[in-house]
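See below for the structure under consideration.
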Amino acid sequence: MAEKGQKIYTFLDKYFHAFLGSVYVLTLGLIQGKNRTRLAKIASEFGWKDPRRSEPTRIPIIDPMQYFLGDDPVYMRDPISDDGNVSLLELLVINTLIKRKNPVTLFEVGTFDGRTALNMAANTSPDAKIYTLDLPSEKIVEARQNPLGDAKFVGKALIGYKFKNSSYGKKITQLEGDSATFNFKPYEKSMDFIFVDGAHSYSYVSSDTTHSLDMLREGGVVIWHDYGHICRGVTVFLNELYATGGIFKKLRWVRGTTLVILASDHILKNNS
Ligand SMILES: C[S@@+](CC[C@H](N)C(=O)[O-])C[C@H]1O[C@@H](n2cnc3c(N)ncnc32)[C@H](O)[C@@H]1O
């Protein structure tokens, strides 16, 4: 009898916590971003579809189990991801490709807190150089208001703090500028590995891609973040790039991630 009473008490306690929490999330709590995310999750459980994210995907998908979870030894630095970072699986894929390619020059568009740049440094040889670009602090307020910009993650983290005080910091050069107007000329045809993860509108990802391809050395690797049901601009742009054919027929989307990769077959499959 006492056991039954305990069960009923536990259920009611849980019920009222859930009830009061839900009322808070759907009313006053909506001023917090994390509660707006919860709202979207609840709505999608009940069949709601975000029209901004429902772009169909067209890039062929590859399985990370087959391509990336093999014997490549990688260093995973700062594995726990914050909102705005790549996921743990995405970090593993990026680090694996870096280990296979062994790039000497790397470029990242969108430094954020510096977690990916830190991992790039940890998985490259001592002579490697990593360049990572983000908005200068005085541009951040402006960028948060720019409809073509990327309000969500701009200014949410101290740019590059994860590598600044680490022993890897000396391999990393922090660049400041808006990627739409930054002078990429000095880096032309000199990069072995590029990660595109700055502003996510169609026009930004398109111009970031043009600059990345100009910077790429022959045989280099490019990775884009936020493809597929996440950012419409990235998805539409990469679908179009794939449709242009030629080397872009090699674009591959990694299952369980938002990463799209442009790499030669032997780097992708590690069957060199
Ligand atoms: C999603 S975060 C990047 C996350 C990071 N690559 C990582 O893996 O942890 C996007 C970053 O792009 C930066 N950004 C947004 N618009 C930009 C622009 N126009 N030029 C350069 N950086 C920009 C933001 O300030 C933000 O730090």
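Naming scheme: A, B, ... for chains in displayed order of the structure tokens; residues 1 onward per chain; ligands 1 onward as shown.
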
Checklist entry - Using only C-alpha atoms, which residues sit within 9 Å of Met76 of chain A once same-chain residues fewer than 4 positions away are excluded, as a list in words? => result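 Listed by chain and then number, they are Leu88, Leu91, Leu92, Asn95, Asn119, Ala122 and Asn123 of chain A.
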
For the residues selected in the previous step, produce a file with N, CA, C and O atoms as an mmCIF file, in the first residue's frame.
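Output file part20.cif is given in full below:
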```
data_model
loop_
_atom_site.group_PDB
_atom_site.id
_atom_site.type_symbol
_atom_site.label_atom_id
_atom_site.label_comp_id
_atom_site.auth_asym_id
_atom_site.auth_seq_id
_atom_site.Cartn_x
_atom_site.Cartn_y
_atom_site.Cartn_z
ATOM 1 N N LEU A 88 30.102 16.542 -31.783
ATOM 2 C CA LEU A 88 31.254 15.663 -31.535
ATOM 3 C C LEU A 88 31.568 14.824 -32.780
ATOM 4 O O LEU A 88 32.732 14.668 -33.164
ATOM 5 N N LEU A 91 33.185 16.961 -35.347
ATOM 6 C CA LEU A 91 34.585 17.230 -34.993
ATOM 7 C C LEU A 91 35.463 16.015 -35.326
ATOM 8 O O LEU A 91 36.572 16.154 -35.849
ATOM 9 N N LEU A 92 34.909 14.826 -35.078
ATOM 10 C CA LEU A 92 35.654 13.599 -35.388
ATOM 11 C C LEU A 92 35.907 13.489 -36.898
ATOM 12 O O LEU A 92 37.012 13.134 -37.331
ATOM 13 N N ASN A 95 38.546 16.150 -37.855
ATOM 14 C CA ASN A 95 39.882 15.751 -37.380
ATOM 15 C C ASN A 95 40.434 14.563 -38.177
ATOM 16 O O ASN A 95 41.633 14.498 -38.482
ATOM 17 N N ASN A 119 41.263 22.190 -32.560
ATOM 18 C CA ASN A 119 41.370 20.800 -33.031
ATOM 19 C C ASN A 119 42.179 20.689 -34.312
ATOM 20 O O ASN A 119 42.904 19.714 -34.518
ATOM 21 N N ALA A 122 45.654 20.740 -33.161
ATOM 22 C CA ALA A 122 46.064 19.519 -32.451
ATOM 23 C C ALA A 122 46.328 18.355 -33.403
ATOM 24 O O ALA A 122 47.059 17.435 -33.079
ATOM 25 N N ASN A 123 45.706 18.393 -34.588
ATOM 26 C CA ASN A 123 45.812 17.254 -35.506
ATOM 27 C C ASN A 123 46.734 17.491 -36.694
ATOM 28 O O ASN A 123 46.733 16.703 -37.643
#
```

Checklist entry - Contacts of Val234 of chain A at 8 Å or less, counting only C-alpha atoms, minus same-chain residues fewer than 3 places along, as a VMD selection string? => result chain A and resid 200 to 202 205 226 to 228 231 237 to 238

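Closest to ligand 1 among A:Tyr168, A:Phe107, A:Trp253, A:Tyr187 is A:Phe107, based on only C-alpha atoms and all ligand atoms.
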
Item to check | A:Met191, A:Ile98, A:Val86, A:Leu118 ranked by distance to ligand 1, top pick (using only C-alpha atoms and all ligand atoms) | outcome: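 The shortest atom-to-atom distance to ligand 1 comes from A:Val86.
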
Checklist entry - Using only C-alpha atoms, which residue out of A:Ser179, A:Leu135, A:Glu108, A:Asp265 lies closest to Leu158 of chain A? => result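 Closest to Leu158 of chain A of all the choices is A:Leu135.
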
Item to check | Neighbour list for Thr181 of chain A as a ChimeraX atom specification, cut-off 12 Å, only C-alpha atoms, skip fewer than 4 positions in-chain | outcome: /A:133-135,176-177,185,204,207-208,211

Any chance you can output those residues with C-alpha atoms as a compact mmCIF listing (two decimals), in the first residue's frame?
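Contents of result.txt, freshly written:
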```txt
# COMPACT_ATOMS: atom_id res chain seq x y z
CA LEU A 133 38.56 34.64 -39.68
CA ASP A 134 35.78 36.25 -37.66
CA LEU A 135 34.17 39.63 -37.39
CA GLU A 176 39.51 39.96 -38.31
CA GLY A 177 37.04 41.10 -40.93
CA LYS A 185 44.11 37.71 -52.12
CA TYR A 204 27.46 34.86 -47.66
CA SER A 207 30.88 34.45 -51.61
CA ASP A 208 32.71 32.50 -48.85
CA HIS A 211 36.94 32.89 -51.90
```

Next on the checklist: Report as JSON, numbers by chain all protein, DNA and RNA residues lying within 6 Å of Ile223 of chain A, evaluated on only C-alpha atoms, omitting residues in the same chain fewer than 4 positions from it.
Outcome noted: {"A": [195, 260, 261]}

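Using only C-alpha atoms and all ligand atoms for every distance, the candidate list A:Ala157, A:Leu106, A:Leu20, A:Ala128 yields A:Ala157 as the residue closest to ligand 1.
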
Checklist entry - Of the candidates A:Pro79, A:Gly169, A:Gly21, A:Gly84, which shows the shortest atom-to-atom distance to Lys129 of chain A, using only C-alpha atoms? => result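 With only C-alpha atoms as the atom set, the closest residue is A:Gly169.
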
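Restricting the calculation to only C-alpha atoms, the smallest distance between Val196 of chain A and any of A:Ser81, A:Thr96, A:Thr132, A:Thr27 is found for A:Thr132.
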
Checklist entry - So which residues touch Leu26 of chain A within 9 Å, counting only C-alpha atoms, skipping near sequence neighbours fewer than 4 positions away, as an MDAnalysis selection string? => result chainID A and resid 21:22 30 35:36 39

Next on the checklist: According to DSSP computed on the backbone, where in segment 35-231 of chain A is there strand (DSSP E)? Give the residues as number ranges by chain.
Outcome noted: A: 61-62, 105-109, 129-134, 172-176, 191-196, 216-224

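Near Lys99 of chain A, within a cut-off of 10 Å and counting only C-alpha atoms, sit the residues A:Asp72, A:Pro73, A:Val74, A:Tyr75, A:Val93, A:Ile94, A:Asn95, A:Thr96, A:Leu97, A:Lys101, A:Asn102, A:Pro103, A:Met120, A:Ala122, A:Asn123, A:Thr124, A:Ser125, A:Ile267, with same-chain residues fewer than 2 positions away left out.
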
Next on the checklist: Would you compute the distance between atom CA of Phe248 of chain A and atom 24 (C, counted along the ligand's line) of ligand 1? Give it in Å to one decimal.
Outcome noted: 26.2 Å

Checklist entry - How would you write, as JSON, numbers by chain, the set of residues in segment 78-256 of chain A that DSSP gives as helix (DSSP H, G or I)? => result {"A": [88, 89, 90, 91, 92, 93, 94, 95, 96, 97, 98, 99, 100, 101, 115, 116, 117, 118, 119, 120, 121, 122, 137, 138, 139, 140, 141, 142, 143, 144, 145, 161, 162, 163, 164, 167, 168, 169, 170, 171, 185, 186, 187, 202, 203, 204, 205, 206, 207, 208, 209, 210, 211, 212, 213, 214, 215, 232, 233, 234, 235, 236, 237, 238, 239, 240, 241, 242, 243, 246, 247, 248, 249, 250]}

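Using only C-alpha atoms, the contacts of segment 56-61 of chain A at a cut-off of 9 Å, with sequence neighbours closer than 4 positions omitted, comprise Tyr227, Gly228, His229, Thr235, Val236, Leu238, Asn239, Glu240, Tyr242, Ala243, Lys249, Lys250, Leu251, Arg252, Trp253, Val254, Arg255 and Val260 of chain A.
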
Once you have the residues from the selection above, write them out as a compact mmCIF listing (two decimals), in the first residue's frame, restricted to all heavy atoms.
```txt
# COMPACT_ATOMS: atom_id res chain seq x y z
N TYR A 227 24.66 22.18 -43.53
CA TYR A 227 23.86 21.74 -44.68
C TYR A 227 22.69 20.88 -44.20
O TYR A 227 22.83 20.12 -43.23
CB TYR A 227 24.73 20.91 -45.62
CG TYR A 227 23.98 20.34 -46.81
CD1 TYR A 227 23.68 21.16 -47.89
CD2 TYR A 227 23.58 19.01 -46.84
CE1 TYR A 227 22.97 20.65 -48.99
CE2 TYR A 227 22.89 18.49 -47.93
CZ TYR A 227 22.59 19.32 -49.00
OH TYR A 227 21.91 18.83 -50.07
N GLY A 228 21.56 20.98 -44.90
CA GLY A 228 20.46 20.02 -44.71
C GLY A 228 19.54 20.34 -43.56
O GLY A 228 19.90 20.09 -42.42
N HIS A 229 18.39 20.86 -43.80
CA HIS A 229 17.34 21.14 -42.81
C HIS A 229 17.79 22.08 -41.70
O HIS A 229 17.11 22.23 -40.70
CB HIS A 229 16.81 19.85 -42.16
CG HIS A 229 16.55 18.75 -43.13
ND1 HIS A 229 15.73 18.93 -44.22
CD2 HIS A 229 17.03 17.49 -43.21
CE1 HIS A 229 15.70 17.79 -44.90
NE2 HIS A 229 16.49 16.91 -44.33
N THR A 235 21.94 25.18 -47.62
CA THR A 235 21.41 24.01 -48.32
C THR A 235 21.11 24.33 -49.79
O THR A 235 21.52 23.59 -50.69
CB THR A 235 20.14 23.50 -47.60
OG1 THR A 235 20.46 23.34 -46.21
CG2 THR A 235 19.66 22.18 -48.16
N VAL A 236 20.44 25.47 -50.02
CA VAL A 236 20.11 25.84 -51.41
C VAL A 236 21.40 26.05 -52.19
O VAL A 236 21.56 25.54 -53.31
CB VAL A 236 19.25 27.13 -51.44
CG1 VAL A 236 19.05 27.61 -52.88
CG2 VAL A 236 17.90 26.88 -50.79
N LEU A 238 24.51 24.90 -51.68
CA LEU A 238 25.30 23.69 -51.94
C LEU A 238 24.58 22.75 -52.92
O LEU A 238 25.23 22.08 -53.72
CB LEU A 238 25.66 22.98 -50.63
CG LEU A 238 26.72 23.74 -49.79
CD1 LEU A 238 26.94 23.05 -48.45
CD2 LEU A 238 28.05 23.84 -50.55
N ASN A 239 23.24 22.72 -52.87
CA ASN A 239 22.50 21.94 -53.88
C ASN A 239 22.83 22.47 -55.28
O ASN A 239 23.06 21.68 -56.21
CB ASN A 239 20.99 22.07 -53.66
CG ASN A 239 20.50 21.21 -52.50
OD1 ASN A 239 21.19 20.32 -52.04
ND2 ASN A 239 19.30 21.51 -52.01
N GLU A 240 22.85 23.79 -55.41
CA GLU A 240 23.13 24.40 -56.72
C GLU A 240 24.57 24.10 -57.15
O GLU A 240 24.84 23.82 -58.31
CB GLU A 240 22.92 25.91 -56.66
CG GLU A 240 21.45 26.30 -56.62
CD GLU A 240 21.23 27.80 -56.45
OE1 GLU A 240 22.21 28.58 -56.56
OE2 GLU A 240 20.09 28.18 -56.20
N TYR A 242 26.39 21.54 -56.33
CA TYR A 242 26.43 20.14 -56.74
C TYR A 242 25.90 19.99 -58.17
O TYR A 242 26.48 19.28 -59.00
CB TYR A 242 25.62 19.30 -55.76
CG TYR A 242 25.54 17.85 -56.14
CD1 TYR A 242 26.66 17.01 -56.02
CD2 TYR A 242 24.36 17.30 -56.64
CE1 TYR A 242 26.60 15.68 -56.40
CE2 TYR A 242 24.30 15.97 -57.02
CZ TYR A 242 25.41 15.16 -56.89
OH TYR A 242 25.36 13.85 -57.26
N ALA A 243 24.81 20.72 -58.46
CA ALA A 243 24.17 20.60 -59.79
C ALA A 243 25.04 21.17 -60.90
O ALA A 243 24.83 20.84 -62.08
CB ALA A 243 22.81 21.31 -59.76
N LYS A 249 30.52 17.36 -58.44
CA LYS A 249 29.80 16.08 -58.35
C LYS A 249 30.42 15.22 -57.24
O LYS A 249 29.86 14.20 -56.83
CB LYS A 249 29.88 15.33 -59.69
CG LYS A 249 28.81 15.79 -60.66
CD LYS A 249 27.44 15.18 -60.34
CE LYS A 249 26.33 15.81 -61.15
NZ LYS A 249 25.15 16.21 -60.42
N LYS A 250 31.61 15.62 -56.79
CA LYS A 250 32.27 14.87 -55.71
C LYS A 250 31.77 15.27 -54.32
O LYS A 250 32.18 14.68 -53.32
CB LYS A 250 33.78 15.12 -55.75
CG LYS A 250 34.50 14.41 -56.86
CD LYS A 250 36.00 14.59 -56.69
CE LYS A 250 36.79 13.90 -57.78
NZ LYS A 250 36.61 12.44 -57.77
N LEU A 251 30.93 16.33 -54.25
CA LEU A 251 30.44 16.76 -52.93
C LEU A 251 29.71 15.60 -52.25
O LEU A 251 28.94 14.89 -52.89
CB LEU A 251 29.48 17.94 -53.08
CG LEU A 251 30.08 19.28 -53.49
CD1 LEU A 251 28.97 20.31 -53.73
CD2 LEU A 251 31.05 19.81 -52.45
N ARG A 252 29.99 15.43 -50.96
CA ARG A 252 29.32 14.38 -50.20
C ARG A 252 28.86 14.93 -48.86
O ARG A 252 29.58 15.67 -48.20
CB ARG A 252 30.27 13.18 -49.94
CG ARG A 252 30.63 12.41 -51.21
CD ARG A 252 29.43 11.70 -51.81
NE ARG A 252 29.73 10.99 -53.04
CZ ARG A 252 29.59 11.50 -54.28
NH1 ARG A 252 29.18 12.74 -54.46
NH2 ARG A 252 29.87 10.78 -55.36
N TRP A 253 27.65 14.52 -48.47
CA TRP A 253 27.07 14.92 -47.18
C TRP A 253 27.24 13.75 -46.22
O TRP A 253 26.91 12.61 -46.57
CB TRP A 253 25.59 15.25 -47.40
CG TRP A 253 24.80 15.62 -46.20
CD1 TRP A 253 25.27 16.17 -45.03
CD2 TRP A 253 23.39 15.45 -46.02
NE1 TRP A 253 24.23 16.38 -44.16
CE2 TRP A 253 23.08 15.96 -44.74
CE3 TRP A 253 22.36 14.96 -46.82
CZ2 TRP A 253 21.78 15.97 -44.23
CZ3 TRP A 253 21.06 14.96 -46.32
CH2 TRP A 253 20.77 15.47 -45.04
N VAL A 254 27.75 14.01 -45.03
CA VAL A 254 28.01 12.92 -44.08
C VAL A 254 26.78 12.70 -43.20
O VAL A 254 26.34 13.61 -42.50
CB VAL A 254 29.24 13.24 -43.19
CG1 VAL A 254 29.55 12.05 -42.28
CG2 VAL A 254 30.44 13.61 -44.04
N ARG A 255 26.27 11.48 -43.25
CA ARG A 255 25.06 11.13 -42.49
C ARG A 255 25.24 11.46 -40.99
O ARG A 255 26.30 11.23 -40.42
CB ARG A 255 24.78 9.63 -42.62
CG ARG A 255 23.44 9.19 -42.04
CD ARG A 255 23.29 7.68 -42.06
NE ARG A 255 23.38 7.11 -43.39
CZ ARG A 255 22.42 7.14 -44.32
NH1 ARG A 255 21.28 7.73 -44.05
NH2 ARG A 255 22.60 6.59 -45.49
N VAL A 260 29.26 18.99 -45.41
CA VAL A 260 29.43 18.59 -46.81
C VAL A 260 30.92 18.72 -47.13
O VAL A 260 31.56 19.71 -46.76
CB VAL A 260 28.58 19.49 -47.74
CG1 VAL A 260 29.01 19.34 -49.19
CG2 VAL A 260 27.11 19.11 -47.59
```

Checklist entry - Quick one, how far is atom 8 (O, counted along the ligand's line) of ligand 1 from atom CA of Gly233 of chain A? => result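 It comes out at 18.1 Å.
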
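Atom to atom, atom 1 (C, counted along the ligand's line) of ligand 1 and atom CA of Leu216 of chain A stand 21.6 Å apart.
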